[in-house]
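Below: the structure, in structure tokens.
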Amino acid sequence: MLRPEINELLTQTGPGTPMGNLFRRNWIPALLAEELPADDCPPVRVKLLSERLIAFRDSDGRYGLIDEFCAHRGVSLWFGRNEESGLRCAYHGWKYDVTGQCVEIPSEPDERQSTLCRKIKLTGYPLVKLGDVLWTYMGDPERAPARPAWEFIRVPAGHAYTSKRWQECNWLQALEGGIDSSHVSWLHSSGLKSDPLFAGARGNKYNLADRKPFFEVVDSEGGLYIGVRRNAEDGHYYWRITPWVMPAFTMIPPRGDHPVHGHFWIPIDDENCWAYSYDYHPVRPLTEAELQAMRDGHGVHNEYVPGTFRPLQNKDNDYLMDREAQRRGDTYSGVKGIAMQDASLQESMGPIVDRSKEKLVSTDSGIIMARRKLWRAVEALRDEGTEPPGVDPEHHKVRSASVVLGKDEAFADACAEELTVRPGIRHSSV
Amino acid sequence: MQRRPTLLSSCARAATAAEARFRITVAEPAARASRVIALDEAAAALVRGLAGQHWGGGHFLVYAGELAADGHDGAAADARLTTPDGGQVLLSEELAGADVAVMIATGQAGPEPAEVIGDACAQRQIASAGLVVTNGGRADAVVAALRPNAMVLVVLPDAGDIPGILSALRV
């Protein structure tokens, strides 16, 4: 349960909002690198943290993320011409470089051009390619942190695959799904048996055999570790440990030798977010079969309405609900695929769920603690300028793990190494 | 007979901000029967402070010692608890009708209270949770004692989040 004013504090991320300012202390995914595949390719409209922006790649391969609208008459630069090291407005030919600096106003006399151009600069944010993702930092340029160090963007090319999908709800309820480990035994139970990116792992049988897991929530420097334990053989527990790094990174515990996966939940505006979904393997390239399964929408990925990032299963078609599959047990909810099973339910909560009405129980403690930490960090940044957890790239060097431990072992101690990135060493997975 | 859906996708389409305001209009039911129990002296001071705040009917208690089982087969041990005003009650009485028991401990706590309360909750099918405050130190022994006895265990660096956690659980 959250009071309405705290719910607003945590869910609103537009310019000038406290949570928006916290997001703006971080490098965040802005778009997939594949969306700007070549120099002078078509520009892409991007809405992030309620700001309307346009991304483009100029003739020299430089990336830019600038205000979408021309300073002259407010026309969208998406209609513009990306040519000769700049983006030119289609209306009157005003031209901008990747920083948003106006570099040409062709209707003005030549002798006044440079003077007038110098005075006109659109908002511009850095845009850098790391892994398969273009990252931006939308905060104070004087305080830009070091670039992100997430393992999925640091492994060799071919070891990782990233997709994104539009989710039609506030970022926080999507994030909360990512750290709500208790739903897996229900909503995703069928996927453990059939999804090619999950099936066959020894740990799956523990998931399916013990539907009343115990939970343990432990603080970390960047956020939390949420450990979920189930009974295993001979006085042992099967632990699945999910790291959450503030504000919006989660990593799902791995299964067998399958690639490990997770999400970023990035606000588009207060009623929509991007779910970035990554898969990677720390020590080997993804196989062609794995890549094909990901492209086909298995695991944490999804199928699309062709030519868009909108899921093929969406609210306009009731997520292609299949009641017969639900009845047969092919899927628990009747919706196909892990990603859309989550998204369908999270979107059904409404654009921004009213948390003053919810009835949390003790097994929701991971969600309760994540909200508490966000709340504290937002207030500390707002009131004292304290740097939030998760900004320091050292906080990014986390891993999820699935392990079998003795009953007396504390996962945070027993798995300290397993929960940290160790280049060249396989993730710990059962 | 083939059933044809009426108002196809209307439920999902109705998920607008305006509509969301009218959701879950049912009144909040009577407060949960929550029992917040301190397991050691430092936690007791914390719990006595919390008891003075406004809550939704939760009982704030301090573990004061085990009472031996009466020797009948299957009879569980009981325990004495103290209330914030110095009164004494039995654990078995407090758990009668309780929905959840939240155990609060620091590194000072021994294993006995967690075992006694955990067993009593398990026997009665009552949800149990443990909040361990480390205050920057180690609390390995109490965490290990609570692990098999609490469905949910939260390890906290300080006590600052405890009121918020209890509020979220509608104690």
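By convention in this document, the chains of the structure tokens carry letters A, B, ... by their order, each chain's residues are numbered from 1, and ligands are numbered from 1 in the order they are shown.
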Exercise for review: Do a neighbour search on B:Val142 at 12 Å with only C-alpha atoms, toss out local chain neighbours closer than 4 positions, and write the hits as a ChimeraX atom specification.
Suggested key: /A:408,410 /B:39-40,103-115,130-134,138,146-150,153-155
Saved selection, atoms kept: C-alpha atoms, as an mmCIF file, in the first residue's frame:
```cif
data_model
loop_
_atom_site.group_PDB
_atom_site.id
_atom_site.type_symbol
_atom_site.label_atom_id
_atom_site.label_comp_id
_atom_site.auth_asym_id
_atom_site.auth_seq_id
_atom_site.Cartn_x
_atom_site.Cartn_y
_atom_site.Cartn_z
ATOM 1 C CA ASP A 408 22.203 -23.290 6.904
ATOM 2 C CA ALA A 410 22.952 -17.572 3.616
ATOM 3 C CA LEU B 39 12.791 -11.213 19.660
ATOM 4 C CA ASP B 40 15.490 -9.413 21.671
ATOM 5 C CA MET B 103 9.193 -11.098 14.013
ATOM 6 C CA ILE B 104 11.664 -8.251 14.492
ATOM 7 C CA ALA B 105 15.201 -9.024 15.587
ATOM 8 C CA THR B 106 18.696 -7.595 15.770
ATOM 9 C CA GLY B 107 22.000 -9.432 15.957
ATOM 10 C CA GLN B 108 21.440 -9.936 19.693
ATOM 11 C CA ALA B 109 18.630 -12.457 19.271
ATOM 12 C CA GLY B 110 19.218 -16.108 20.014
ATOM 13 C CA PRO B 111 17.667 -18.970 18.064
ATOM 14 C CA GLU B 112 14.952 -19.948 20.553
ATOM 15 C CA PRO B 113 12.334 -17.228 19.950
ATOM 16 C CA ALA B 114 12.351 -17.706 16.179
ATOM 17 C CA GLU B 115 11.942 -21.461 16.544
ATOM 18 C CA GLY B 130 11.124 -11.843 9.840
ATOM 19 C CA LEU B 131 12.746 -8.406 9.778
ATOM 20 C CA VAL B 132 16.380 -8.448 10.866
ATOM 21 C CA VAL B 133 18.148 -5.153 11.568
ATOM 22 C CA THR B 134 21.914 -5.490 11.280
ATOM 23 C CA ARG B 138 26.573 -9.113 11.266
ATOM 24 C CA LEU B 146 14.807 -17.221 11.233
ATOM 25 C CA ARG B 147 15.329 -18.710 7.775
ATOM 26 C CA PRO B 148 13.401 -21.946 8.345
ATOM 27 C CA ASN B 149 10.863 -20.169 10.539
ATOM 28 C CA ALA B 150 9.790 -17.175 8.421
ATOM 29 C CA LEU B 153 12.959 -12.738 5.639
ATOM 30 C CA VAL B 154 14.145 -9.183 5.060
ATOM 31 C CA VAL B 155 17.631 -8.179 6.163
#
```
Exercise for review: Might you pull out every residue within 12 Å of A:Lys205, with only C-alpha atoms counted and same-chain residues fewer than 2 positions away left off, and present them as a PyMOL selection string?
Suggested key: chain A and resi 185+189-190+192-193+198-203+207-211+230-233+238+255-256+430
Exercise for review: For A:Ala377, please output as a PyMOL selection string all residues within 8 Å (counting only C-alpha atoms; exclusion window: fewer than 2 positions along the same chain).
Suggested key: chain A and resi 22+373-375+379-381+386+388-389
Export, as a PDB file, in the first residue's frame, the selected residues with C-alpha atoms.
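Generated file (result04.pdb):
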```
ATOM      1  CA  LEU A  22      16.602  10.332 -10.492  1.00  0.00           C
ATOM      2  CA  LYS A 373      14.546   2.273  -1.537  1.00  0.00           C
ATOM      3  CA  LEU A 374      13.295   4.287  -4.503  1.00  0.00           C
ATOM      4  CA  TRP A 375      11.398   6.621  -2.203  1.00  0.00           C
ATOM      5  CA  GLU A 379      14.049  12.232  -1.446  1.00  0.00           C
ATOM      6  CA  ALA A 380      17.800  12.129  -0.753  1.00  0.00           C
ATOM      7  CA  LEU A 381      18.547  13.351  -4.272  1.00  0.00           C
ATOM      8  CA  THR A 386      22.775  12.592  -2.728  1.00  0.00           C
ATOM      9  CA  PRO A 388      21.339   7.547  -5.997  1.00  0.00           C
ATOM     10  CA  PRO A 389      22.409   3.901  -5.866  1.00  0.00           C
TER      11      PRO A 389
END
```
Counting only C-alpha atoms, give me one row per residue of chain A with an atom at most 10 Å from an atom of chain B, showing the shortest contact pair and its distance in Å to one decimal, sorted by chain then residue number, as CSV.
```
residue,atom,partner,partner_atom,distance
A:Met1,CA,B:Ala168,CA,4.6
A:Leu2,CA,B:Ala168,CA,6.7
A:Arg3,CA,B:Ala168,CA,9.5
A:Glu168,CA,B:Ala15,CA,9.5
A:Cys169,CA,B:Ala15,CA,9.3
A:Lys212,CA,B:Met151,CA,8.8
A:Pro213,CA,B:Met151,CA,7.6
A:Phe214,CA,B:Met151,CA,4.7
A:Phe215,CA,B:Val152,CA,4.6
A:Glu216,CA,B:Leu153,CA,4.6
A:Val217,CA,B:Val154,CA,4.6
A:Val218,CA,B:Val155,CA,5.2
A:Asp219,CA,B:Leu156,CA,6.7
A:Ser220,CA,B:Pro157,CA,9.9
A:Ile226,CA,B:Val154,CA,9.2
A:Gly227,CA,B:Leu153,CA,9.5
A:Val228,CA,B:Val152,CA,9.2
A:Arg229,CA,B:Met151,CA,9.8
A:Glu271,CA,B:Ala17,CA,8.4
A:Asn314,CA,B:Ala12,CA,8.8
A:Lys315,CA,B:Ala12,CA,5.2
A:Asp316,CA,B:Ser9,CA,6.0
A:Asn317,CA,B:Ser9,CA,5.9
A:Asp318,CA,B:Ser9,CA,4.8
A:Tyr319,CA,B:Ser9,CA,8.6
A:Leu320,CA,B:Ser9,CA,9.6
A:Met321,CA,B:Ser9,CA,9.7
A:Ser344,CA,B:Ala12,CA,8.5
A:Leu345,CA,B:Ala12,CA,9.5
A:Glu347,CA,B:Ala15,CA,7.5
A:Ser348,CA,B:Ala12,CA,5.9
A:Met349,CA,B:Ala15,CA,7.3
A:Gly350,CA,B:Ala15,CA,4.7
A:Pro351,CA,B:Ala17,CA,5.8
A:Ile352,CA,B:Ala17,CA,6.9
A:Val353,CA,B:Ala20,CA,7.3
A:Asp354,CA,B:Arg21,CA,7.6
A:Arg355,CA,B:Ala168,CA,9.8
A:Ser356,CA,B:Ala168,CA,9.3
A:Lys357,CA,B:Ile24,CA,6.9
A:Glu358,CA,B:Ile24,CA,8.5
A:Lys359,CA,B:Leu169,CA,7.5
A:Leu360,CA,B:Leu169,CA,5.8
A:Val361,CA,B:Leu169,CA,6.0
A:Ser362,CA,B:Val152,CA,6.5
A:Thr363,CA,B:Val152,CA,6.1
A:Asp364,CA,B:Val152,CA,8.8
A:Ser365,CA,B:Val152,CA,7.3
A:Gly366,CA,B:Val154,CA,8.4
A:Ile368,CA,B:Ile165,CA,6.5
A:Met369,CA,B:Ile165,CA,7.4
A:Arg371,CA,B:Gly164,CA,9.7
A:Arg372,CA,B:Asp161,CA,6.9
A:Lys373,CA,B:Asp161,CA,8.7
A:Arg376,CA,B:Asp161,CA,9.3
A:Lys407,CA,B:Pro148,CA,8.3
A:Asp408,CA,B:Ala144,CA,6.1
A:Glu409,CA,B:Ala144,CA,7.6
A:Ala410,CA,B:Ala144,CA,7.2
A:Asp413,CA,B:Asp140,CA,9.6
```
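We find atom CA of A:Leu405 and atom CA of A:Arg284 to be spaced 26.1 Å apart.
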Picked from stretch 34-170 of chain B by DSSP as helix (DSSP H, G or I), as a JSON list (two decimals) with N, CA and C atoms, in the first residue's frame:
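Writing the result to part_19.json gives the following:
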```
[["chain", "number", "residue", "atom", "x", "y", "z"],
["B", 41, "GLU", "N", 16.22, -7.61, 23.12],
["B", 41, "GLU", "CA", 16.05, -6.34, 23.84],
["B", 41, "GLU", "C", 16.10, -5.13, 22.92],
["B", 42, "ALA", "N", 17.08, -5.12, 21.99],
["B", 42, "ALA", "CA", 17.18, -3.97, 21.10],
["B", 42, "ALA", "C", 15.93, -3.87, 20.21],
["B", 43, "ALA", "N", 15.45, -5.01, 19.77],
["B", 43, "ALA", "CA", 14.22, -5.01, 18.97],
["B", 43, "ALA", "C", 13.02, -4.60, 19.82],
["B", 44, "ALA", "N", 13.08, -4.95, 21.12],
["B", 44, "ALA", "CA", 11.97, -4.58, 22.00],
["B", 44, "ALA", "C", 11.83, -3.07, 22.10],
["B", 45, "ALA", "N", 12.96, -2.38, 22.20],
["B", 45, "ALA", "CA", 12.90, -0.92, 22.27],
["B", 45, "ALA", "C", 12.26, -0.36, 21.00],
["B", 46, "LEU", "N", 12.63, -0.97, 19.90],
["B", 46, "LEU", "CA", 12.07, -0.54, 18.60],
["B", 46, "LEU", "C", 10.56, -0.77, 18.57],
["B", 47, "VAL", "N", 10.16, -1.94, 19.00],
["B", 47, "VAL", "CA", 8.74, -2.30, 18.94],
["B", 47, "VAL", "C", 7.92, -1.43, 19.90],
["B", 48, "ARG", "N", 8.47, -1.14, 21.08],
["B", 48, "ARG", "CA", 7.73, -0.27, 22.01],
["B", 48, "ARG", "C", 7.54, 1.11, 21.39],
["B", 49, "GLY", "N", 8.56, 1.60, 20.67],
["B", 49, "GLY", "CA", 8.42, 2.90, 20.00],
["B", 49, "GLY", "C", 7.37, 2.85, 18.91],
["B", 50, "LEU", "N", 7.36, 1.76, 18.16],
["B", 50, "LEU", "CA", 6.37, 1.62, 17.08],
["B", 50, "LEU", "C", 4.95, 1.54, 17.65],
["B", 51, "ALA", "N", 4.82, 0.93, 18.82],
["B", 51, "ALA", "CA", 3.48, 0.71, 19.39],
["B", 51, "ALA", "C", 2.76, 2.02, 19.65],
["B", 91, "LEU", "N", 1.68, -16.55, 23.86],
["B", 91, "LEU", "CA", 1.79, -16.60, 22.40],
["B", 91, "LEU", "C", 0.57, -17.30, 21.80],
["B", 92, "SER", "N", 0.16, -18.40, 22.39],
["B", 92, "SER", "CA", -0.97, -19.16, 21.85],
["B", 92, "SER", "C", -2.23, -18.31, 21.81],
["B", 93, "GLU", "N", -2.42, -17.47, 22.81],
["B", 93, "GLU", "CA", -3.60, -16.59, 22.83],
["B", 93, "GLU", "C", -3.51, -15.55, 21.72],
["B", 94, "GLU", "N", -2.32, -14.98, 21.56],
["B", 94, "GLU", "CA", -2.16, -13.94, 20.54],
["B", 94, "GLU", "C", -2.31, -14.49, 19.13],
["B", 95, "LEU", "N", -1.88, -15.72, 18.93],
["B", 95, "LEU", "CA", -1.94, -16.28, 17.58],
["B", 95, "LEU", "C", -3.35, -16.80, 17.24],
["B", 111, "PRO", "N", 18.51, -18.18, 18.97],
["B", 111, "PRO", "CA", 17.67, -18.97, 18.06],
["B", 111, "PRO", "C", 16.30, -19.36, 18.64],
["B", 112, "GLU", "N", 16.17, -19.39, 19.96],
["B", 112, "GLU", "CA", 14.95, -19.95, 20.55],
["B", 112, "GLU", "C", 13.67, -19.22, 20.15],
["B", 113, "PRO", "N", 13.61, -17.89, 20.25],
["B", 113, "PRO", "CA", 12.33, -17.23, 19.95],
["B", 113, "PRO", "C", 11.84, -17.51, 18.53],
["B", 114, "ALA", "N", 12.76, -17.48, 17.57],
["B", 114, "ALA", "CA", 12.35, -17.71, 16.18],
["B", 114, "ALA", "C", 11.78, -19.11, 16.02],
["B", 115, "GLU", "N", 12.42, -20.08, 16.67],
["B", 115, "GLU", "CA", 11.94, -21.46, 16.54],
["B", 115, "GLU", "C", 10.56, -21.64, 17.18],
["B", 116, "VAL", "N", 10.40, -21.06, 18.36],
["B", 116, "VAL", "CA", 9.12, -21.23, 19.07],
["B", 116, "VAL", "C", 7.99, -20.56, 18.28],
["B", 117, "ILE", "N", 8.22, -19.32, 17.85],
["B", 117, "ILE", "CA", 7.15, -18.60, 17.13],
["B", 117, "ILE", "C", 6.94, -19.22, 15.75],
["B", 118, "GLY", "N", 8.03, -19.57, 15.09],
["B", 118, "GLY", "CA", 7.91, -20.19, 13.77],
["B", 118, "GLY", "C", 7.12, -21.48, 13.82],
["B", 119, "ASP", "N", 7.42, -22.33, 14.81],
["B", 119, "ASP", "CA", 6.69, -23.60, 14.94],
["B", 119, "ASP", "C", 5.21, -23.34, 15.22],
["B", 120, "ALA", "N", 4.96, -22.35, 16.10],
["B", 120, "ALA", "CA", 3.57, -22.07, 16.46],
["B", 120, "ALA", "C", 2.79, -21.56, 15.23],
["B", 121, "CYS", "N", 3.44, -20.73, 14.42],
["B", 121, "CYS", "CA", 2.77, -20.22, 13.21],
["B", 121, "CYS", "C", 2.53, -21.36, 12.22],
["B", 122, "ALA", "N", 3.55, -22.20, 12.03],
["B", 122, "ALA", "CA", 3.41, -23.29, 11.07],
["B", 122, "ALA", "C", 2.27, -24.23, 11.49],
["B", 123, "GLN", "N", 2.20, -24.51, 12.78],
["B", 123, "GLN", "CA", 1.15, -25.41, 13.26],
["B", 123, "GLN", "C", -0.24, -24.85, 13.01],
["B", 124, "ARG", "N", -0.36, -23.52, 13.09],
["B", 124, "ARG", "CA", -1.67, -22.88, 12.93],
["B", 124, "ARG", "C", -1.89, -22.35, 11.51],
["B", 140, "ASP", "N", 24.35, -13.07, 11.41],
["B", 140, "ASP", "CA", 24.28, -14.38, 10.76],
["B", 140, "ASP", "C", 23.47, -15.39, 11.56],
["B", 141, "ALA", "N", 23.69, -15.40, 12.88],
["B", 141, "ALA", "CA", 23.04, -16.43, 13.70],
["B", 141, "ALA", "C", 21.53, -16.25, 13.70],
["B", 142, "VAL", "N", 21.08, -15.02, 13.86],
["B", 142, "VAL", "CA", 19.63, -14.82, 13.91],
["B", 142, "VAL", "C", 19.01, -15.00, 12.52],
["B", 143, "VAL", "N", 19.73, -14.61, 11.48],
["B", 143, "VAL", "CA", 19.21, -14.85, 10.12],
["B", 143, "VAL", "C", 19.07, -16.35, 9.88],
["B", 144, "ALA", "N", 20.09, -17.11, 10.30],
["B", 144, "ALA", "CA", 20.02, -18.57, 10.13],
["B", 144, "ALA", "C", 18.88, -19.17, 10.95],
["B", 145, "ALA", "N", 18.65, -18.60, 12.14],
["B", 145, "ALA", "CA", 17.57, -19.12, 12.98],
["B", 145, "ALA", "C", 16.21, -18.80, 12.39],
["B", 146, "LEU", "N", 16.10, -17.63, 11.79],
["B", 146, "LEU", "CA", 14.81, -17.22, 11.23],
["B", 146, "LEU", "C", 14.51, -17.90, 9.89],
["B", 147, "ARG", "N", 15.55, -18.24, 9.15],
["B", 147, "ARG", "CA", 15.33, -18.71, 7.77],
["B", 147, "ARG", "C", 14.30, -19.83, 7.68],
["B", 148, "PRO", "N", 14.42, -20.89, 8.48],
["B", 148, "PRO", "CA", 13.40, -21.95, 8.35],
["B", 148, "PRO", "C", 12.08, -21.60, 9.01],
["B", 149, "ASN", "N", 12.04, -20.48, 9.72],
["B", 149, "ASN", "CA", 10.86, -20.17, 10.54],
["B", 149, "ASN", "C", 10.08, -18.95, 10.06],
["B", 159, "ALA", "N", 16.89, 0.38, 11.01],
["B", 159, "ALA", "CA", 15.47, 0.20, 11.31],
["B", 159, "ALA", "C", 14.57, 1.20, 10.58],
["B", 160, "GLY", "N", 15.17, 2.07, 9.77],
["B", 160, "GLY", "CA", 14.41, 3.16, 9.16],
["B", 160, "GLY", "C", 13.25, 2.71, 8.29],
["B", 161, "ASP", "N", 13.36, 1.54, 7.68],
["B", 161, "ASP", "CA", 12.31, 1.09, 6.77],
["B", 161, "ASP", "C", 11.20, 0.31, 7.47],
["B", 162, "ILE", "N", 11.38, -0.02, 8.73],
["B", 162, "ILE", "CA", 10.40, -0.91, 9.37],
["B", 162, "ILE", "C", 9.00, -0.30, 9.44],
["B", 163, "PRO", "N", 8.84, 0.97, 9.84],
["B", 163, "PRO", "CA", 7.47, 1.51, 9.84],
["B", 163, "PRO", "C", 6.83, 1.45, 8.46],
["B", 164, "GLY", "N", 7.60, 1.74, 7.42],
["B", 164, "GLY", "CA", 7.06, 1.70, 6.07],
["B", 164, "GLY", "C", 6.65, 0.30, 5.65],
["B", 165, "ILE", "N", 7.46, -0.69, 6.02],
["B", 165, "ILE", "CA", 7.12, -2.08, 5.68],
["B", 165, "ILE", "C", 5.83, -2.49, 6.39],
["B", 166, "LEU", "N", 5.72, -2.14, 7.67],
["B", 166, "LEU", "CA", 4.51, -2.52, 8.42],
["B", 166, "LEU", "C", 3.29, -1.79, 7.87],
["B", 167, "SER", "N", 3.47, -0.54, 7.46],
["B", 167, "SER", "CA", 2.34, 0.18, 6.85],
["B", 167, "SER", "C", 1.90, -0.48, 5.56],
["B", 168, "ALA", "N", 2.89, -0.87, 4.74],
["B", 168, "ALA", "CA", 2.55, -1.51, 3.46],
["B", 168, "ALA", "C", 1.78, -2.80, 3.69]]
```
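Minimum distance to B:Thr82 across B:Leu67, B:Ala38, B:Ala98, B:Ala139 (counting only C-alpha atoms) occurs at B:Ala38.
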Exercise for review: Mind the document's chain letters and residue numbers, and return as a VMD selection string the residues of chain B that DSSP labels strand (DSSP E or B).
Suggested key: chain B and resid 34 to 38 59 to 67 78 to 82 88 to 90 100 to 106 127 to 133 152 to 156
